[in-house]
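Everything below belongs to entry-v5.pdb, which stores PDB, C-alpha atoms, pLDDT in the B column.
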MODEL        1
ATOM      1  CA  SER A   1      36.035 -13.583  16.806  1.00 94.00           C
ATOM      2  CA  ALA A   2      34.524 -16.901  17.866  1.00 92.00           C
ATOM      3  CA  VAL A   3      37.560 -17.623  20.061  1.00 94.00           C
ATOM      4  CA  LEU A   4      37.333 -14.217  21.758  1.00 96.00           C
ATOM      5  CA  ILE A   5      33.605 -14.537  22.374  1.00 97.00           C
ATOM      6  CA  GLY A   6      33.934 -18.115  23.597  1.00 96.00           C
ATOM      7  CA  THR A   7      36.799 -17.200  25.906  1.00 97.00           C
ATOM      8  CA  ALA A   8      34.813 -14.351  27.441  1.00 98.00           C
ATOM      9  CA  VAL A   9      31.788 -16.587  27.975  1.00 98.00           C
ATOM     10  CA  THR A  10      33.880 -19.368  29.497  1.00 98.00           C
ATOM     11  CA  ALA A  11      35.696 -16.932  31.792  1.00 97.00           C
ATOM     12  CA  GLY A  12      32.380 -15.665  33.097  1.00 97.00           C
ATOM     13  CA  LEU A  13      30.157 -18.751  33.232  1.00 98.00           C
ATOM     14  CA  GLY A  14      32.489 -21.669  32.621  1.00 97.00           C
ATOM     15  CA  LEU A  15      31.857 -24.569  30.260  1.00 97.00           C
ATOM     16  CA  PRO A  16      28.096 -24.678  31.045  1.00 97.00           C
ATOM     17  CA  GLY A  17      27.802 -21.145  29.688  1.00 97.00           C
ATOM     18  CA  LEU A  18      29.897 -21.984  26.646  1.00 98.00           C
ATOM     19  CA  ALA A  19      27.658 -24.990  25.936  1.00 98.00           C
ATOM     20  CA  LEU A  20      24.736 -22.634  25.285  1.00 98.00           C
ATOM     21  CA  MET A  21      26.736 -20.701  22.698  1.00 97.00           C
ATOM     22  CA  ILE A  22      27.789 -23.953  21.029  1.00 97.00           C
ATOM     23  CA  ALA A  23      24.146 -25.060  20.978  1.00 97.00           C
ATOM     24  CA  PHE A  24      23.228 -21.815  19.211  1.00 97.00           C
ATOM     25  CA  PHE A  25      25.957 -22.367  16.627  1.00 94.00           C
ATOM     26  CA  VAL A  26      24.817 -25.934  15.925  1.00 95.00           C
ATOM     27  CA  LEU A  27      21.142 -24.944  15.760  1.00 96.00           C
ATOM     28  CA  GLY A  28      21.819 -21.948  13.528  1.00 92.00           C
ATOM     29  CA  THR A  29      23.953 -23.981  11.151  1.00 91.00           C
ATOM     30  CA  ALA A  30      21.385 -26.773  10.931  1.00 93.00           C
ATOM     31  CA  ALA A  31      18.496 -24.351  10.370  1.00 92.00           C
ATOM     32  CA  THR A  32      20.432 -22.552   7.645  1.00 89.00           C
ATOM     33  CA  LYS A  33      21.033 -25.824   5.805  1.00 88.00           C
ATOM     34  CA  LEU A  34      17.336 -26.803   5.956  1.00 86.00           C
ATOM     35  CA  GLY A  35      15.875 -26.485   2.479  1.00 80.00           C
ATOM     36  CA  TYR A  36      18.933 -24.539   1.348  1.00 79.00           C
ATOM     37  CA  ARG A  37      18.527 -25.443  -2.315  1.00 77.00           C
ATOM     38  CA  ALA A  38      14.936 -24.243  -2.353  1.00 75.00           C
ATOM     39  CA  LYS A  39      15.871 -21.042  -0.555  1.00 78.00           C
ATOM     40  CA  SER A  40      18.777 -20.483  -2.922  1.00 78.00           C
ATOM     41  CA  ALA A  41      16.561 -21.000  -5.972  1.00 72.00           C
ATOM     42  CA  ARG A  42      14.199 -18.319  -4.641  1.00 74.00           C
ATOM     43  CA  GLY A  43      17.084 -15.940  -3.943  1.00 74.00           C
ATOM     44  CA  ILE A  44      16.488 -15.773  -0.179  1.00 71.00           C
ATOM     45  CA  ALA A  45      19.217 -18.130   1.084  1.00 66.00           C
ATOM     46  CA  GLN A  46      22.061 -16.997   3.314  1.00 67.00           C
ATOM     47  CA  GLU A  47      24.952 -16.028   1.075  1.00 65.00           C
ATOM     48  CA  LYS A  48      28.278 -17.943   0.893  1.00 63.00           C
ATOM     49  CA  GLY A  49      26.568 -21.296   1.343  1.00 59.00           C
ATOM     50  CA  GLY A  50      25.234 -20.301   4.740  1.00 58.00           C
ATOM     51  CA  ALA A  51      28.593 -19.295   6.221  1.00 68.00           C
ATOM     52  CA  ARG A  52      28.523 -16.314   8.585  1.00 74.00           C
ATOM     53  CA  GLY A  53      31.353 -13.799   8.929  1.00 84.00           C
ATOM     54  CA  TRP A  54      33.013 -12.099  11.897  1.00 87.00           C
ATOM     55  CA  GLN A  55      30.478  -9.277  11.921  1.00 89.00           C
ATOM     56  CA  ASN A  56      27.645 -11.738  12.381  1.00 90.00           C
ATOM     57  CA  ALA A  57      29.578 -13.445  15.173  1.00 92.00           C
ATOM     58  CA  TRP A  58      29.836 -10.197  17.115  1.00 94.00           C
ATOM     59  CA  ALA A  59      26.261  -9.195  16.289  1.00 92.00           C
ATOM     60  CA  ASN A  60      24.969 -12.350  17.974  1.00 95.00           C
ATOM     61  CA  GLY A  61      27.734 -12.871  20.529  1.00 96.00           C
ATOM     62  CA  ALA A  62      28.767  -9.463  21.883  1.00 97.00           C
ATOM     63  CA  VAL A  63      25.823  -8.935  24.248  1.00 98.00           C
ATOM     64  CA  PRO A  64      25.876 -12.524  25.587  1.00 98.00           C
ATOM     65  CA  ALA A  65      29.653 -12.327  26.115  1.00 98.00           C
ATOM     66  CA  PHE A  66      29.279  -9.040  27.996  1.00 98.00           C
ATOM     67  CA  LEU A  67      26.555 -10.496  30.227  1.00 98.00           C
ATOM     68  CA  ALA A  68      28.635 -13.615  30.880  1.00 98.00           C
ATOM     69  CA  VAL A  69      31.626 -11.532  31.981  1.00 98.00           C
ATOM     70  CA  LEU A  70      29.394  -9.464  34.260  1.00 98.00           C
ATOM     71  CA  ALA A  71      27.952 -12.669  35.731  1.00 97.00           C
ATOM     72  CA  GLY A  72      31.441 -13.921  36.478  1.00 96.00           C
ATOM     73  CA  MET A  73      32.213 -10.814  38.513  1.00 97.00           C
ATOM     74  CA  ALA A  74      28.841 -10.520  40.276  1.00 97.00           C
ATOM     75  CA  PRO A  75      27.843 -11.767  43.758  1.00 96.00           C
ATOM     76  CA  PRO A  76      25.815 -15.033  43.857  1.00 89.00           C
ATOM     77  CA  GLY A  77      22.283 -13.577  43.696  1.00 87.00           C
ATOM     78  CA  LEU A  78      23.064 -11.169  40.891  1.00 95.00           C
ATOM     79  CA  ARG A  79      25.129 -13.807  39.135  1.00 96.00           C
ATOM     80  CA  ASP A  80      22.077 -16.052  38.771  1.00 95.00           C
ATOM     81  CA  LEU A  81      20.075 -13.189  37.275  1.00 96.00           C
ATOM     82  CA  LEU A  82      22.836 -12.302  34.807  1.00 97.00           C
ATOM     83  CA  ALA A  83      23.282 -15.962  33.873  1.00 97.00           C
ATOM     84  CA  LEU A  84      19.593 -16.116  33.031  1.00 97.00           C
ATOM     85  CA  ALA A  85      19.853 -12.893  31.014  1.00 98.00           C
ATOM     86  CA  TYR A  86      22.848 -14.374  29.181  1.00 98.00           C
ATOM     87  CA  ALA A  87      20.896 -17.539  28.370  1.00 98.00           C
ATOM     88  CA  ALA A  88      17.948 -15.483  27.128  1.00 98.00           C
ATOM     89  CA  ALA A  89      20.224 -13.443  24.861  1.00 98.00           C
ATOM     90  CA  VAL A  90      21.615 -16.633  23.319  1.00 98.00           C
ATOM     91  CA  ALA A  91      18.110 -18.117  23.056  1.00 98.00           C
ATOM     92  CA  THR A  92      16.949 -14.973  21.258  1.00 97.00           C
ATOM     93  CA  ALA A  93      19.754 -15.311  18.723  1.00 96.00           C
ATOM     94  CA  ALA A  94      18.809 -18.958  18.223  1.00 97.00           C
ATOM     95  CA  ALA A  95      15.101 -18.152  17.892  1.00 97.00           C
ATOM     96  CA  ASP A  96      15.821 -15.377  15.407  1.00 94.00           C
ATOM     97  CA  THR A  97      18.010 -17.567  13.194  1.00 93.00           C
ATOM     98  CA  CYS A  98      15.778 -20.652  13.391  1.00 95.00           C
ATOM     99  CA  SER A  99      12.546 -18.752  12.787  1.00 94.00           C
ATOM    100  CA  SER A 100      14.015 -16.925   9.806  1.00 90.00           C
ATOM    101  CA  GLU A 101      15.551 -19.988   8.162  1.00 91.00           C
ATOM    102  CA  VAL A 102      12.645 -22.346   8.863  1.00 92.00           C
ATOM    103  CA  GLY A 103      10.148 -19.718   7.741  1.00 88.00           C
ATOM    104  CA  LYS A 104      11.984 -19.093   4.473  1.00 88.00           C
ATOM    105  CA  ALA A 105      12.153 -22.814   3.753  1.00 86.00           C
ATOM    106  CA  TYR A 106       8.751 -24.024   4.915  1.00 86.00           C
ATOM    107  CA  GLY A 107       6.565 -21.005   5.671  1.00 82.00           C
ATOM    108  CA  ARG A 108       3.280 -21.284   3.773  1.00 84.00           C
ATOM    109  CA  ARG A 109       1.761 -17.955   4.755  1.00 89.00           C
ATOM    110  CA  THR A 110       4.124 -15.112   5.570  1.00 90.00           C
ATOM    111  CA  PHE A 111       2.995 -11.696   6.769  1.00 89.00           C
ATOM    112  CA  LEU A 112       4.373  -8.529   8.311  1.00 86.00           C
ATOM    113  CA  ILE A 113       4.068  -8.641  12.073  1.00 85.00           C
ATOM    114  CA  THR A 114       3.163  -4.945  12.284  1.00 81.00           C
ATOM    115  CA  SER A 115       0.332  -4.883   9.746  1.00 82.00           C
ATOM    116  CA  LEU A 116      -0.513  -8.582   9.121  1.00 84.00           C
ATOM    117  CA  ARG A 117      -0.149  -7.832   5.405  1.00 88.00           C
ATOM    118  CA  PRO A 118       0.864 -10.915   3.354  1.00 91.00           C
ATOM    119  CA  VAL A 119       4.418 -10.642   1.994  1.00 88.00           C
ATOM    120  CA  PRO A 120       6.861 -13.010   0.248  1.00 84.00           C
ATOM    121  CA  PRO A 121       9.085 -15.217   2.436  1.00 80.00           C
ATOM    122  CA  GLY A 122      12.394 -13.558   3.260  1.00 74.00           C
ATOM    123  CA  THR A 123      10.884 -10.085   3.603  1.00 79.00           C
ATOM    124  CA  GLU A 124      12.412  -8.151   6.492  1.00 77.00           C
ATOM    125  CA  GLY A 125      10.044  -8.193   9.448  1.00 78.00           C
ATOM    126  CA  ALA A 126       7.962 -11.059   8.059  1.00 84.00           C
ATOM    127  CA  VAL A 127       6.789 -13.971  10.232  1.00 92.00           C
ATOM    128  CA  SER A 128       5.074 -17.303   9.639  1.00 93.00           C
ATOM    129  CA  LEU A 129       3.566 -19.977  11.854  1.00 93.00           C
ATOM    130  CA  GLU A 130       6.187 -22.505  10.789  1.00 93.00           C
ATOM    131  CA  GLY A 131       9.028 -20.073  11.416  1.00 93.00           C
ATOM    132  CA  THR A 132       7.639 -19.015  14.788  1.00 95.00           C
ATOM    133  CA  VAL A 133       7.371 -22.631  15.937  1.00 96.00           C
ATOM    134  CA  GLY A 134      10.905 -23.279  14.699  1.00 95.00           C
ATOM    135  CA  GLY A 135      12.145 -20.223  16.573  1.00 96.00           C
ATOM    136  CA  PHE A 136      10.527 -21.327  19.827  1.00 97.00           C
ATOM    137  CA  LEU A 137      11.982 -24.823  19.505  1.00 97.00           C
ATOM    138  CA  GLY A 138      15.415 -23.306  18.893  1.00 97.00           C
ATOM    139  CA  ALA A 139      15.118 -21.123  22.003  1.00 98.00           C
ATOM    140  CA  LEU A 140      13.828 -24.086  24.003  1.00 98.00           C
ATOM    141  CA  ALA A 141      16.814 -26.164  22.898  1.00 98.00           C
ATOM    142  CA  VAL A 142      19.141 -23.479  24.268  1.00 98.00           C
ATOM    143  CA  GLY A 143      17.203 -23.479  27.537  1.00 97.00           C
ATOM    144  CA  ALA A 144      17.352 -27.287  27.705  1.00 98.00           C
ATOM    145  CA  THR A 145      21.120 -27.101  27.233  1.00 98.00           C
ATOM    146  CA  GLY A 146      21.281 -24.886  30.308  1.00 97.00           C
ATOM    147  CA  VAL A 147      19.401 -27.526  32.286  1.00 97.00           C
ATOM    148  CA  LEU A 148      21.599 -30.379  31.046  1.00 97.00           C
ATOM    149  CA  THR A 149      24.766 -28.488  31.986  1.00 96.00           C
ATOM    150  CA  GLY A 150      23.440 -27.508  35.424  1.00 95.00           C
ATOM    151  CA  LEU A 151      23.291 -23.776  34.768  1.00 95.00           C
ATOM    152  CA  PHE A 152      19.634 -23.581  35.869  1.00 95.00           C
ATOM    153  CA  GLY A 153      16.475 -25.693  36.211  1.00 95.00           C
ATOM    154  CA  TRP A 154      13.505 -26.358  33.920  1.00 96.00           C
ATOM    155  CA  PRO A 155      11.363 -23.419  35.110  1.00 96.00           C
ATOM    156  CA  ALA A 156      14.195 -21.073  34.183  1.00 96.00           C
ATOM    157  CA  ALA A 157      14.673 -22.887  30.874  1.00 97.00           C
ATOM    158  CA  LEU A 158      11.037 -22.259  29.944  1.00 97.00           C
ATOM    159  CA  LEU A 159      11.426 -18.605  30.887  1.00 97.00           C
ATOM    160  CA  VAL A 160      14.531 -18.424  28.687  1.00 98.00           C
ATOM    161  CA  ALA A 161      12.634 -19.992  25.769  1.00 98.00           C
ATOM    162  CA  VAL A 162       9.707 -17.571  26.087  1.00 97.00           C
ATOM    163  CA  ALA A 163      12.048 -14.580  26.353  1.00 97.00           C
ATOM    164  CA  GLY A 164      13.964 -15.825  23.317  1.00 97.00           C
ATOM    165  CA  LEU A 165      10.811 -16.099  21.236  1.00 97.00           C
ATOM    166  CA  LEU A 166       9.535 -12.679  22.332  1.00 96.00           C
ATOM    167  CA  GLY A 167      12.938 -11.162  21.632  1.00 95.00           C
ATOM    168  CA  SER A 168      12.957 -12.582  18.112  1.00 94.00           C
ATOM    169  CA  LEU A 169       9.447 -11.230  17.496  1.00 94.00           C
ATOM    170  CA  ALA A 170      10.626  -7.833  18.725  1.00 90.00           C
ATOM    171  CA  GLU A 171      13.362  -8.038  16.092  1.00 84.00           C
ATOM    172  CA  SER A 172      10.683  -8.537  13.447  1.00 85.00           C
ATOM    173  CA  VAL A 173       8.942  -5.382  14.624  1.00 87.00           C
ATOM    174  CA  LEU A 174      12.199  -3.423  14.624  1.00 85.00           C
ATOM    175  CA  GLY A 175      13.107  -4.794  11.210  1.00 77.00           C
ATOM    176  CA  THR A 176       9.987  -3.396   9.567  1.00 79.00           C
ATOM    177  CA  VAL A 177      10.871   0.099  10.779  1.00 77.00           C
ATOM    178  CA  ALA A 178      14.516   0.602  11.741  1.00 74.00           C
ATOM    179  CA  GLU A 179      16.288  -1.338   8.983  1.00 66.00           C
ATOM    180  CA  ARG A 180      13.967  -0.251   6.192  1.00 67.00           C
ATOM    181  CA  ARG A 181      14.464   3.394   7.136  1.00 71.00           C
ATOM    182  CA  GLY A 182      18.222   2.985   7.375  1.00 71.00           C
ATOM    183  CA  TRP A 183      18.427   3.507  11.128  1.00 74.00           C
ATOM    184  CA  MET A 184      20.023   0.100  11.792  1.00 80.00           C
ATOM    185  CA  ASP A 185      21.711  -2.499   9.613  1.00 83.00           C
ATOM    186  CA  ASN A 186      21.103  -6.207  10.099  1.00 83.00           C
ATOM    187  CA  ASN A 187      24.089  -6.714  12.409  1.00 88.00           C
ATOM    188  CA  LEU A 188      23.113  -3.878  14.729  1.00 89.00           C
ATOM    189  CA  LEU A 189      19.549  -5.170  14.639  1.00 89.00           C
ATOM    190  CA  ASN A 190      20.734  -8.615  15.747  1.00 91.00           C
ATOM    191  CA  ALA A 191      22.750  -7.125  18.604  1.00 94.00           C
ATOM    192  CA  ALA A 192      19.742  -5.110  19.761  1.00 93.00           C
ATOM    193  CA  ASN A 193      17.660  -8.264  19.427  1.00 93.00           C
ATOM    194  CA  THR A 194      19.820 -10.210  21.906  1.00 97.00           C
ATOM    195  CA  ALA A 195      19.756  -7.299  24.362  1.00 97.00           C
ATOM    196  CA  ILE A 196      15.954  -7.156  24.163  1.00 96.00           C
ATOM    197  CA  GLY A 197      15.704 -10.892  24.855  1.00 97.00           C
ATOM    198  CA  ALA A 198      17.919 -10.524  27.927  1.00 98.00           C
ATOM    199  CA  LEU A 199      15.849  -7.582  29.137  1.00 97.00           C
ATOM    200  CA  ILE A 200      12.573  -9.470  28.650  1.00 97.00           C
ATOM    201  CA  ALA A 201      13.851 -12.401  30.699  1.00 97.00           C
ATOM    202  CA  THR A 202      14.924 -10.053  33.492  1.00 96.00           C
ATOM    203  CA  LEU A 203      11.552  -8.281  33.512  1.00 96.00           C
ATOM    204  CA  ILE A 204       9.604 -11.560  33.528  1.00 95.00           C
ATOM    205  CA  LEU A 205      11.701 -12.841  36.419  1.00 92.00           C
ATOM    206  CA  ARG A 206      11.118  -9.631  38.365  1.00 90.00           C
ATOM    207  CA  LEU A 207       7.375  -9.801  37.738  1.00 92.00           C
ATOM    208  CA  LEU A 208       7.232 -13.406  38.879  1.00 86.00           C
TER     209      LEU A 208
ENDMDL
END
For the structure just supplied, provide its representation as structure tokens.
Amino acid sequence: SAVLIGTAVTAGLGLPGLALMIAFFVLGTAATKLGYRAKSARGIAQEKGGARGWQNAWANGAVPAFLAVLAGMAPPGLRDLLALAYAAAVATAAADTCSSEVGKAYGRRTFLITSLRPVPPGTEGAVSLEGTVGGFLGALAVGATGVLTGLFGWPAALLVAVAGLLGSLAESVLGTVAERRGWMDNNLLNAANTAIGALIATLILRLL
């Protein structure tokens, strides 16, 4: 699954585009390992020692891969927009993973984003200050990777980071409703999350 997703991304946006997906993988792995023993002792750690399966790969990679392929076939102006949407989708996945893992490990006060009601760490739809900061830094790291590889400049990287954070917060809102009521499982929620991040970046760019 990783090979297929990576091939699609590289075909559409070349190695600079692939670098963003690699950055997400490294960030997600590192965030998952942070405080893993403590998370495991509390029963909220990622199963299988933090290893993700093929379903998780597609949940986080399908939308970005699709956008990358579209960017590769688009004319120059539209290509830039789709490349930014792709980066925002990857940044959203990074923000979601980093905020969740950092929040579960180090979040002191965790509450539902929809009601502000205090809940235990690891609760679906819960957020914390520590997790939110971790999520933004993860999204910013993806944006910075885009700058370092020449995919876009720093203004676009900041836009990507903001869209990634907002997309991850949207996932928290969806999680309190859709997953709890059985409308969406976690994988479908993650896929929707990346699409929302891409859409937010596009809307912000249009507004600006």
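With all atoms listed in the file as the atoms that count, the residue of A:Gly107, A:Pro76, A:Gly143, A:Gly12 with the shortest distance to Gly122 of chain A is A:Gly107.
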For this session: Return as a PyMOL selection string the set of residues that the PyMOL selection byres ((chain A and resi 101) around 9) yields on the displayed structure.
Result: chain A and resi 28+31-36+39+45-46+96-100+102-106+122+131+134
Exercise. Pick the closest to Ala83 of chain A from A:Ala68, A:Ala198, A:Ala8, A:Ala38: which is it, counting all atoms listed in the file?
Worked result: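 For Ala83 of chain A, the nearest of the candidates is A:Ala68.
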Exercise. Mind telling me what the PyMOL selection byres ((chain A and resi 59-66) around 7) catches here, as a list in words?
Worked result: Ile5, Ala8, Val9, Gln55, Asn56, Ala57, Trp58, Leu67, Ala68, Val69, Leu70, Tyr86, Ala89, Val90, Ala93, Asn187, Leu188, Asn190, Ala191, Thr194 and Ala195 of chain A
Once you have the residues from the selection above, write them out as a PDB file, in the coordinates of the input, restricted to C-alpha atoms.
ATOM      1  CA  ILE A   5      33.605 -14.537  22.374  1.00 97.00           C
ATOM      2  CA  ALA A   8      34.813 -14.351  27.441  1.00 98.00           C
ATOM      3  CA  VAL A   9      31.788 -16.587  27.975  1.00 98.00           C
ATOM      4  CA  GLN A  55      30.478  -9.277  11.921  1.00 89.00           C
ATOM      5  CA  ASN A  56      27.645 -11.738  12.381  1.00 90.00           C
ATOM      6  CA  ALA A  57      29.578 -13.445  15.173  1.00 92.00           C
ATOM      7  CA  TRP A  58      29.836 -10.197  17.115  1.00 94.00           C
ATOM      8  CA  LEU A  67      26.555 -10.496  30.227  1.00 98.00           C
ATOM      9  CA  ALA A  68      28.635 -13.615  30.880  1.00 98.00           C
ATOM     10  CA  VAL A  69      31.626 -11.532  31.981  1.00 98.00           C
ATOM     11  CA  LEU A  70      29.394  -9.464  34.260  1.00 98.00           C
ATOM     12  CA  TYR A  86      22.848 -14.374  29.181  1.00 98.00           C
ATOM     13  CA  ALA A  89      20.224 -13.443  24.861  1.00 98.00           C
ATOM     14  CA  VAL A  90      21.615 -16.633  23.319  1.00 98.00           C
ATOM     15  CA  ALA A  93      19.754 -15.311  18.723  1.00 96.00           C
ATOM     16  CA  ASN A 187      24.089  -6.714  12.409  1.00 88.00           C
ATOM     17  CA  LEU A 188      23.113  -3.878  14.729  1.00 89.00           C
ATOM     18  CA  ASN A 190      20.734  -8.615  15.747  1.00 91.00           C
ATOM     19  CA  ALA A 191      22.750  -7.125  18.604  1.00 94.00           C
ATOM     20  CA  THR A 194      19.820 -10.210  21.906  1.00 97.00           C
ATOM     21  CA  ALA A 195      19.756  -7.299  24.362  1.00 97.00           C
TER      22      ALA A 195
END
Show which residues sit within 7 Å of Ile113 of chain A, as a PDB file with C-alpha atoms, in the frame of the given file. Count all atoms listed in the file, and ignore same-chain residues fewer than 5 positions away.
ATOM      1  CA  GLY A 125      10.044  -8.193   9.448  1.00 78.00           C
ATOM      2  CA  ALA A 126       7.962 -11.059   8.059  1.00 84.00           C
ATOM      3  CA  VAL A 127       6.789 -13.971  10.232  1.00 92.00           C
ATOM      4  CA  SER A 172      10.683  -8.537  13.447  1.00 85.00           C
ATOM      5  CA  VAL A 173       8.942  -5.382  14.624  1.00 87.00           C
TER       6      VAL A 173
END
For this session: Tell me which of A:Met73, A:Ala192, A:Ser115, A:Ala139 sits closest to Ala170 of chain A, counting only C-alpha atoms.
Result: A:Ala192
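Of the listed residues (A:Val142, A:Val3, A:Asp80, A:Thr29), A:Val142 comes nearest to Val162 of chain A; the distances count all atoms listed in the file.
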Problem set entry | Matched chain/residue IDs from the PyMOL selection byres ((chain A and resi 151) around 10), as a ChimeraX atom specification | /A:13-17,19-20,80,83-84,87,143-150,152-153,156-157
Problem set entry | For atom CA of Pro121 of chain A and atom CA of Val133 of chain A, the interatomic separation in Å (one decimal) |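 These two atoms are separated by 15.5 Å.
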For this session: Have a look at A:Gly6, A:Thr114, A:Leu137, A:Leu129 and name the one nearest to Leu174 of chain A; count only C-alpha atoms.
Result: A:Thr114
Exercise. For the atom pair atom CA of Leu78 of chain A and atom CA of Thr10 of chain A, what is the interatomic distance in Å to one decimal place?
Worked result: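 Computing it gives 17.7 Å between the two atoms.
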Exercise. By how many Å are atom CA of Ala88 of chain A and atom CA of Gly164 of chain A apart?
Worked result: 5.5 Å
Because some atoms of segment 55-70 of chain A are absent here, can you restore N, CA, C and O atoms and send them as a PDB file, in the frame of the given file?
ATOM      1  N   GLN A  55      31.448 -10.284  11.486  1.00 89.00           N
ATOM      2  CA  GLN A  55      30.478  -9.277  11.921  1.00 89.00           C
ATOM      3  C   GLN A  55      29.231  -9.929  12.494  1.00 89.00           C
ATOM      4  O   GLN A  55      28.678  -9.478  13.494  1.00 89.00           O
ATOM      5  N   ASN A  56      28.803 -11.021  11.875  1.00 90.00           N
ATOM      6  CA  ASN A  56      27.645 -11.738  12.381  1.00 90.00           C
ATOM      7  C   ASN A  56      27.940 -12.375  13.731  1.00 90.00           C
ATOM      8  O   ASN A  56      27.080 -12.438  14.605  1.00 90.00           O
ATOM      9  N   ALA A  57      29.183 -12.848  13.890  1.00 92.00           N
ATOM     10  CA  ALA A  57      29.578 -13.445  15.173  1.00 92.00           C
ATOM     11  C   ALA A  57      29.458 -12.432  16.303  1.00 92.00           C
ATOM     12  O   ALA A  57      28.917 -12.736  17.377  1.00 92.00           O
ATOM     13  N   TRP A  58      29.925 -11.226  16.071  1.00 94.00           N
ATOM     14  CA  TRP A  58      29.836 -10.197  17.115  1.00 94.00           C
ATOM     15  C   TRP A  58      28.411  -9.695  17.294  1.00 94.00           C
ATOM     16  O   TRP A  58      27.991  -9.353  18.404  1.00 94.00           O
ATOM     17  N   ALA A  59      27.647  -9.650  16.199  1.00 92.00           N
ATOM     18  CA  ALA A  59      26.261  -9.195  16.289  1.00 92.00           C
ATOM     19  C   ALA A  59      25.448 -10.095  17.206  1.00 92.00           C
ATOM     20  O   ALA A  59      24.611  -9.630  17.979  1.00 92.00           O
ATOM     21  N   ASN A  60      25.712 -11.395  17.148  1.00 95.00           N
ATOM     22  CA  ASN A  60      24.969 -12.350  17.974  1.00 95.00           C
ATOM     23  C   ASN A  60      25.671 -12.688  19.285  1.00 95.00           C
ATOM     24  O   ASN A  60      25.030 -13.182  20.210  1.00 95.00           O
ATOM     25  N   GLY A  61      26.976 -12.439  19.367  1.00 96.00           N
ATOM     26  CA  GLY A  61      27.734 -12.871  20.529  1.00 96.00           C
ATOM     27  C   GLY A  61      28.216 -11.792  21.471  1.00 96.00           C
ATOM     28  O   GLY A  61      28.585 -12.093  22.609  1.00 96.00           O
ATOM     29  N   ALA A  62      28.200 -10.528  21.047  1.00 97.00           N
ATOM     30  CA  ALA A  62      28.767  -9.463  21.883  1.00 97.00           C
ATOM     31  C   ALA A  62      27.970  -9.267  23.169  1.00 97.00           C
ATOM     32  O   ALA A  62      28.543  -9.212  24.259  1.00 97.00           O
ATOM     33  N   VAL A  63      26.658  -9.143  23.057  1.00 98.00           N
ATOM     34  CA  VAL A  63      25.823  -8.935  24.248  1.00 98.00           C
ATOM     35  C   VAL A  63      25.888 -10.133  25.187  1.00 98.00           C
ATOM     36  O   VAL A  63      26.101  -9.961  26.398  1.00 98.00           O
ATOM     37  N   PRO A  64      25.733 -11.376  24.689  1.00 98.00           N
ATOM     38  CA  PRO A  64      25.876 -12.524  25.587  1.00 98.00           C
ATOM     39  C   PRO A  64      27.244 -12.585  26.266  1.00 98.00           C
ATOM     40  O   PRO A  64      27.325 -12.886  27.468  1.00 98.00           O
ATOM     41  N   ALA A  65      28.313 -12.296  25.524  1.00 98.00           N
ATOM     42  CA  ALA A  65      29.653 -12.327  26.115  1.00 98.00           C
ATOM     43  C   ALA A  65      29.779 -11.288  27.226  1.00 98.00           C
ATOM     44  O   ALA A  65      30.360 -11.553  28.280  1.00 98.00           O
ATOM     45  N   PHE A  66      29.237 -10.104  26.993  1.00 98.00           N
ATOM     46  CA  PHE A  66      29.279  -9.040  27.996  1.00 98.00           C
ATOM     47  C   PHE A  66      28.526  -9.456  29.253  1.00 98.00           C
ATOM     48  O   PHE A  66      29.006  -9.277  30.378  1.00 98.00           O
ATOM     49  N   LEU A  67      27.349 -10.046  29.074  1.00 98.00           N
ATOM     50  CA  LEU A  67      26.555 -10.496  30.227  1.00 98.00           C
ATOM     51  C   LEU A  67      27.248 -11.627  30.973  1.00 98.00           C
ATOM     52  O   LEU A  67      27.197 -11.694  32.204  1.00 98.00           O
ATOM     53  N   ALA A  68      27.914 -12.519  30.238  1.00 98.00           N
ATOM     54  CA  ALA A  68      28.635 -13.615  30.880  1.00 98.00           C
ATOM     55  C   ALA A  68      29.776 -13.096  31.734  1.00 98.00           C
ATOM     56  O   ALA A  68      30.001 -13.572  32.855  1.00 98.00           O
ATOM     57  N   VAL A  69      30.519 -12.123  31.223  1.00 98.00           N
ATOM     58  CA  VAL A  69      31.626 -11.532  31.981  1.00 98.00           C
ATOM     59  C   VAL A  69      31.097 -10.846  33.239  1.00 98.00           C
ATOM     60  O   VAL A  69      31.674 -10.983  34.323  1.00 98.00           O
ATOM     61  N   LEU A  70      29.997 -10.114  33.098  1.00 98.00           N
ATOM     62  CA  LEU A  70      29.394  -9.464  34.260  1.00 98.00           C
ATOM     63  C   LEU A  70      28.958 -10.505  35.292  1.00 98.00           C
ATOM     64  O   LEU A  70      29.152 -10.307  36.497  1.00 98.00           O
TER      65      LEU A  70
END
